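Notes to accompany the following structure.
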Amino acid sequence: MINSLRLGAAALAAALVLSAPVKAAEGTVQPPRQSWTFAGPFGSFDSTQLQRGFKVYREVCSACHSIQLLAFRNLAEKGGPEFSEAQVKALAAEYKVKDGPNDSGDMFERPGRPADRFPPPFANKQAAQAANGGAYPPDFSVIAKARTYERGFPWFVIDIFTQFQEQGVDYITALLTGYEQPPAGFQVPEGKYYNEYFPGHVISMPQPISDGQVEYPKDADGRPQAPETAVQYAKDVSAFLMWAAEPHLEARKELGFKTLVFLLLFAGLLYFTKKRIWSRVEGHAHA
């Protein structure tokens with residue numbers, strides 16, 4: 001009995017060690033938790049925040065980062081930024097989209113349409129690297145799901161029940177606001193920057209946002225909808241990128257809830273059906 005307890009304690013200790021965040025050993029700071037409207041099993045996107053986030057992406061991020069899996073018409077869908085059809089049509093027309101070939105066999109450019117996907121800022125990967133000192137700016141279509149961090153034990157178990165899936169947006173928010181002066185003795189190569197939350201702390205992207213950089217829509221009293229600060233910009237664009245990576249999040253949650261309700265009712269019906277059938281068998285009437 002004592003040996004079994006010792007073995008169990010040893011196994012638990014090993015699990016705690018092995019489940020610790022791998023990046024912690026590299027000195028990477030875990031991003032702070034943020035509050036999101038879409039968190040949890042019943043969370044939903046804030047369309048106003050998504051509109052602000054799209055504005056930040058368009059005015060700041062789109063110069064380097066593509067979002068090629070997103071079509072203009074997606075911006076008008078329910079559960080997203082919910083721009084009007086007229087707004088989406090006008091927005092798409094501001095972009096030039098390569099099309100063709102025409103009757104002469106040549107490619108040509110035309111104004112965008114709602115059905116078109118967002119055109120990339122660079123013609124190819126080589127052009128993107130040449131314009132960014134050899135670094136390749138990643139596509140932002142699913143960046144909020146692709147970027148994550150280890151939460152360790154017991155959080156990864158608890159996350160299964162709480163449906164915690166905000167690692168990506170927490171990380172992006174922290175990264176955008178994590179530019180600092182390097183600590184004493186830390187060498188940052190020329191043309192690189194120190195970021196507290198980036199693995200290795202050395203990042204090629206200069207600090208992209210600062211206070212007052214993006215002008216937000218005004219309320220009736222003439223004040224911005226939200227503070228025009230780097231922290232708010234980071235949260236808004238992170239929320240937009242989360243929606244871009246999973247635009248049907250709300251529908252998925254709704255379907256999941258309905259499925260759980262159905263399974264509970266179905267399990268109850270099976271239980272009472274079983275009780276009724278076996279009640280006719282002698283010896284099982286009160287089972």
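The way I read the labels, and the way they are meant: chains A, B, ... in the order of the structure tokens, residue 1 as the first residue of every chain, and ligand 1 as the first ligand shown, with later ones counted on from there.
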Q: Return as a ChimeraX atom specification the full set of residues in segment 43-285 of chain A whose backbone-based DSSP assignment is strand (DSSP E).
A: /A:96-99,108-111,193-194,202-203
Output file for the residues above (N, CA, C and O atoms, as a tab-separated table (two decimals), in the first residue's frame):
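Writing the result to again_8.tsv gives the following:
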chain	number	residue	atom	x	y	z
A	96	LYS	N	-7.54	46.77	-55.77
A	96	LYS	CA	-7.30	46.30	-57.13
A	96	LYS	C	-7.03	44.80	-57.07
A	96	LYS	O	-6.15	44.35	-56.33
A	97	VAL	N	-7.81	44.05	-57.85
A	97	VAL	CA	-7.70	42.60	-57.86
A	97	VAL	C	-7.25	42.13	-59.23
A	97	VAL	O	-7.78	42.58	-60.26
A	98	LYS	N	-6.25	41.24	-59.23
A	98	LYS	CA	-5.77	40.70	-60.51
A	98	LYS	C	-6.75	39.66	-61.01
A	98	LYS	O	-7.19	38.79	-60.27
A	99	ASP	N	-7.11	39.77	-62.29
A	99	ASP	CA	-8.09	38.86	-62.88
A	99	ASP	C	-7.62	38.49	-64.29
A	99	ASP	O	-6.64	39.03	-64.80
A	108	PHE	N	-5.22	41.17	-66.04
A	108	PHE	CA	-5.54	42.58	-65.87
A	108	PHE	C	-6.01	42.83	-64.45
A	108	PHE	O	-6.31	41.89	-63.70
A	109	GLU	N	-6.05	44.08	-64.07
A	109	GLU	CA	-6.54	44.47	-62.74
A	109	GLU	C	-7.89	45.14	-62.87
A	109	GLU	O	-8.16	45.86	-63.83
A	110	ARG	N	-8.73	44.90	-61.90
A	110	ARG	CA	-10.06	45.50	-61.85
A	110	ARG	C	-10.40	45.84	-60.41
A	110	ARG	O	-9.76	45.32	-59.47
A	111	PRO	N	-11.39	46.69	-60.18
A	111	PRO	CA	-11.83	46.97	-58.80
A	111	PRO	C	-12.37	45.69	-58.14
A	111	PRO	O	-12.97	44.85	-58.81
A	193	TYR	N	14.50	43.90	-32.88
A	193	TYR	CA	13.90	44.60	-31.75
A	193	TYR	C	13.65	43.64	-30.60
A	193	TYR	O	13.44	42.44	-30.81
A	194	TYR	N	13.66	44.19	-29.40
A	194	TYR	CA	13.42	43.38	-28.21
A	194	TYR	C	11.93	43.37	-27.88
A	194	TYR	O	11.29	44.41	-27.84
A	202	VAL	N	13.87	38.37	-29.54
A	202	VAL	CA	14.36	39.16	-30.67
A	202	VAL	C	13.40	38.99	-31.83
A	202	VAL	O	13.18	37.88	-32.31
A	203	ILE	N	12.83	40.10	-32.30
A	203	ILE	CA	11.82	40.07	-33.35
A	203	ILE	C	12.21	41.02	-34.47
A	203	ILE	O	12.85	42.06	-34.24
Can you write out as CSV which residues of segment 194-215 of chain A fall within 8 Å of segment 56-77 of chain A, alongside each residue's closest atom pair and its distance in Å to one decimal, counting only C-alpha atoms and ordering rows by chain and ascending residue number?
residue,atom,partner,partner_atom,distance
A:Pro208,CA,A:Val60,CA,7.0
A:Ile209,CA,A:Val60,CA,7.4
A:Val214,CA,A:Val56,CA,6.6
Q: Could you find all residues in segment 52-279 of chain A that DSSP calls helix (DSSP H, G or I) from the backbone, and write them as a PyMOL selection string?
A: chain A and resi 52-59+61-63+72-76+85-93+125-131+143-146+155-162+167-176+230-245+249-278
Q: Counting only C-alpha atoms, figure out which residue out of A:Gly185, A:Gly40, A:Pro32, A:Gly100 gets nearest to Phe257 of chain A.
A: A:Gly40
**Q.** Contacts of Tyr216 of chain A at 12 Å (only C-alpha atoms; same-chain gap of 2+ positions) as a list in words
**A.**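 Once the adjacent positions are removed, what remains is Thr48, Gln49, Gln51, Arg52, Gly53, Phe54, Lys55, Val56, Glu59, Asp211, Gly212, Gln213, Val214, Lys218, Asp219, Gly222, Arg223, Pro224, Gln225, Ala226, Pro227, Glu228, Thr229, Gln232, Tyr233 and Asp236 of chain A.
Minimum atom-to-atom distances from A:Lys89, A:Arg151, A:His201, A:Arg117 to Pro183 of chain A were compared using only C-alpha atoms, and the lowest value belongs to A:His201.
Taking only C-alpha atoms into account, Pro247 of chain A lies nearest to A:Ala144 out of the set A:Met205, A:Met107, A:Ala131, A:Ala144.
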(Q) Using only C-alpha atoms, which protein or nucleic acid residues come within 8 Å of Ile172 of chain A? Drop anything in the same chain fewer than 6 positions from it, and give the result as a ChimeraX atom specification. (A) /A:144,147,234,238
Q: With a distance cut-off of 10 Å and only C-alpha atoms, select the neighbouring residues of Gln126 of chain A, excluding the residue or stretch itself and same-chain residues fewer than 6 positions from it, and output the selection as JSON, numbers by chain.
A: {"A": [132, 134, 135, 136]}
C-alpha atoms of the current selection, written as a PDB file, in the first residue's frame:
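File written: result.pdb
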ATOM      1  CA  ASN A 132      11.174  43.438 -44.887  1.00  0.00           C
ATOM      2  CA  GLY A 134      14.700  39.144 -45.264  1.00  0.00           C
ATOM      3  CA  ALA A 135      11.844  38.426 -42.839  1.00  0.00           C
ATOM      4  CA  TYR A 136       8.599  37.025 -44.217  1.00  0.00           C
TER       5      TYR A 136
END
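From atom CA of Phe45 of chain A back to atom CA of Phe240 of chain A, the distance works out to 9.0 Å.
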Tell me, as an mmCIF file with N, CA, C and O atoms, in the first residue's frame, which residues lie within 10 Å of segment 37-39 of chain A, counting only C-alpha atoms; anything in the same chain fewer than 6 positions away does not count.
data_model
loop_
_atom_site.group_PDB
_atom_site.id
_atom_site.type_symbol
_atom_site.label_atom_id
_atom_site.label_comp_id
_atom_site.auth_asym_id
_atom_site.auth_seq_id
_atom_site.Cartn_x
_atom_site.Cartn_y
_atom_site.Cartn_z
ATOM 1 N N PHE A 45 -18.944 37.400 -30.365
ATOM 2 C CA PHE A 45 -18.133 38.524 -30.805
ATOM 3 C C PHE A 45 -18.894 39.839 -30.646
ATOM 4 O O PHE A 45 -20.118 39.894 -30.789
ATOM 5 N N ASP A 46 -18.149 40.877 -30.365
ATOM 6 C CA ASP A 46 -18.684 42.241 -30.314
ATOM 7 C C ASP A 46 -18.434 42.861 -31.687
ATOM 8 O O ASP A 46 -17.286 43.165 -32.045
ATOM 9 N N GLN A 49 -16.409 46.068 -31.779
ATOM 10 C CA GLN A 49 -14.981 45.847 -31.577
ATOM 11 C C GLN A 49 -14.327 45.271 -32.829
ATOM 12 O O GLN A 49 -13.214 45.649 -33.192
ATOM 13 N N THR A 162 -13.724 24.427 -19.562
ATOM 14 C CA THR A 162 -14.063 25.852 -19.696
ATOM 15 C C THR A 162 -14.033 26.316 -21.145
ATOM 16 O O THR A 162 -14.413 27.447 -21.434
ATOM 17 N N GLN A 163 -13.551 25.441 -22.052
ATOM 18 C CA GLN A 163 -13.414 25.773 -23.470
ATOM 19 C C GLN A 163 -12.516 26.984 -23.669
ATOM 20 O O GLN A 163 -12.747 27.829 -24.537
ATOM 21 N N PHE A 164 -11.449 27.056 -22.884
ATOM 22 C CA PHE A 164 -10.503 28.160 -23.028
ATOM 23 C C PHE A 164 -9.748 28.006 -24.344
ATOM 24 O O PHE A 164 -9.101 26.992 -24.589
ATOM 25 N N GLN A 165 -9.858 28.978 -25.204
ATOM 26 C CA GLN A 165 -9.199 28.943 -26.499
ATOM 27 C C GLN A 165 -8.661 30.313 -26.884
ATOM 28 O O GLN A 165 -8.517 30.631 -28.063
ATOM 29 N N GLU A 166 -8.358 31.112 -25.869
ATOM 30 C CA GLU A 166 -7.911 32.466 -26.130
ATOM 31 C C GLU A 166 -6.405 32.632 -26.034
ATOM 32 O O GLU A 166 -5.899 33.748 -25.907
ATOM 33 N N ALA A 239 -8.998 40.668 -31.482
ATOM 34 C CA ALA A 239 -10.365 40.141 -31.569
ATOM 35 C C ALA A 239 -10.765 39.948 -33.027
ATOM 36 O O ALA A 239 -11.390 38.936 -33.387
ATOM 37 N N MET A 242 -9.134 36.879 -34.340
ATOM 38 C CA MET A 242 -9.792 35.687 -33.824
ATOM 39 C C MET A 242 -11.028 35.368 -34.651
ATOM 40 O O MET A 242 -11.284 34.203 -34.998
ATOM 41 N N TRP A 243 -11.805 36.387 -34.977
ATOM 42 C CA TRP A 243 -12.975 36.164 -35.823
ATOM 43 C C TRP A 243 -12.558 35.701 -37.215
ATOM 44 O O TRP A 243 -13.181 34.808 -37.792
ATOM 45 N N LEU A 249 -17.581 30.836 -35.141
ATOM 46 C CA LEU A 249 -17.437 30.465 -33.731
ATOM 47 C C LEU A 249 -18.782 30.435 -33.015
ATOM 48 O O LEU A 249 -19.095 29.482 -32.289
ATOM 49 N N GLU A 250 -19.596 31.454 -33.213
ATOM 50 C CA GLU A 250 -20.880 31.532 -32.520
ATOM 51 C C GLU A 250 -21.803 30.403 -32.974
ATOM 52 O O GLU A 250 -22.501 29.796 -32.152
#
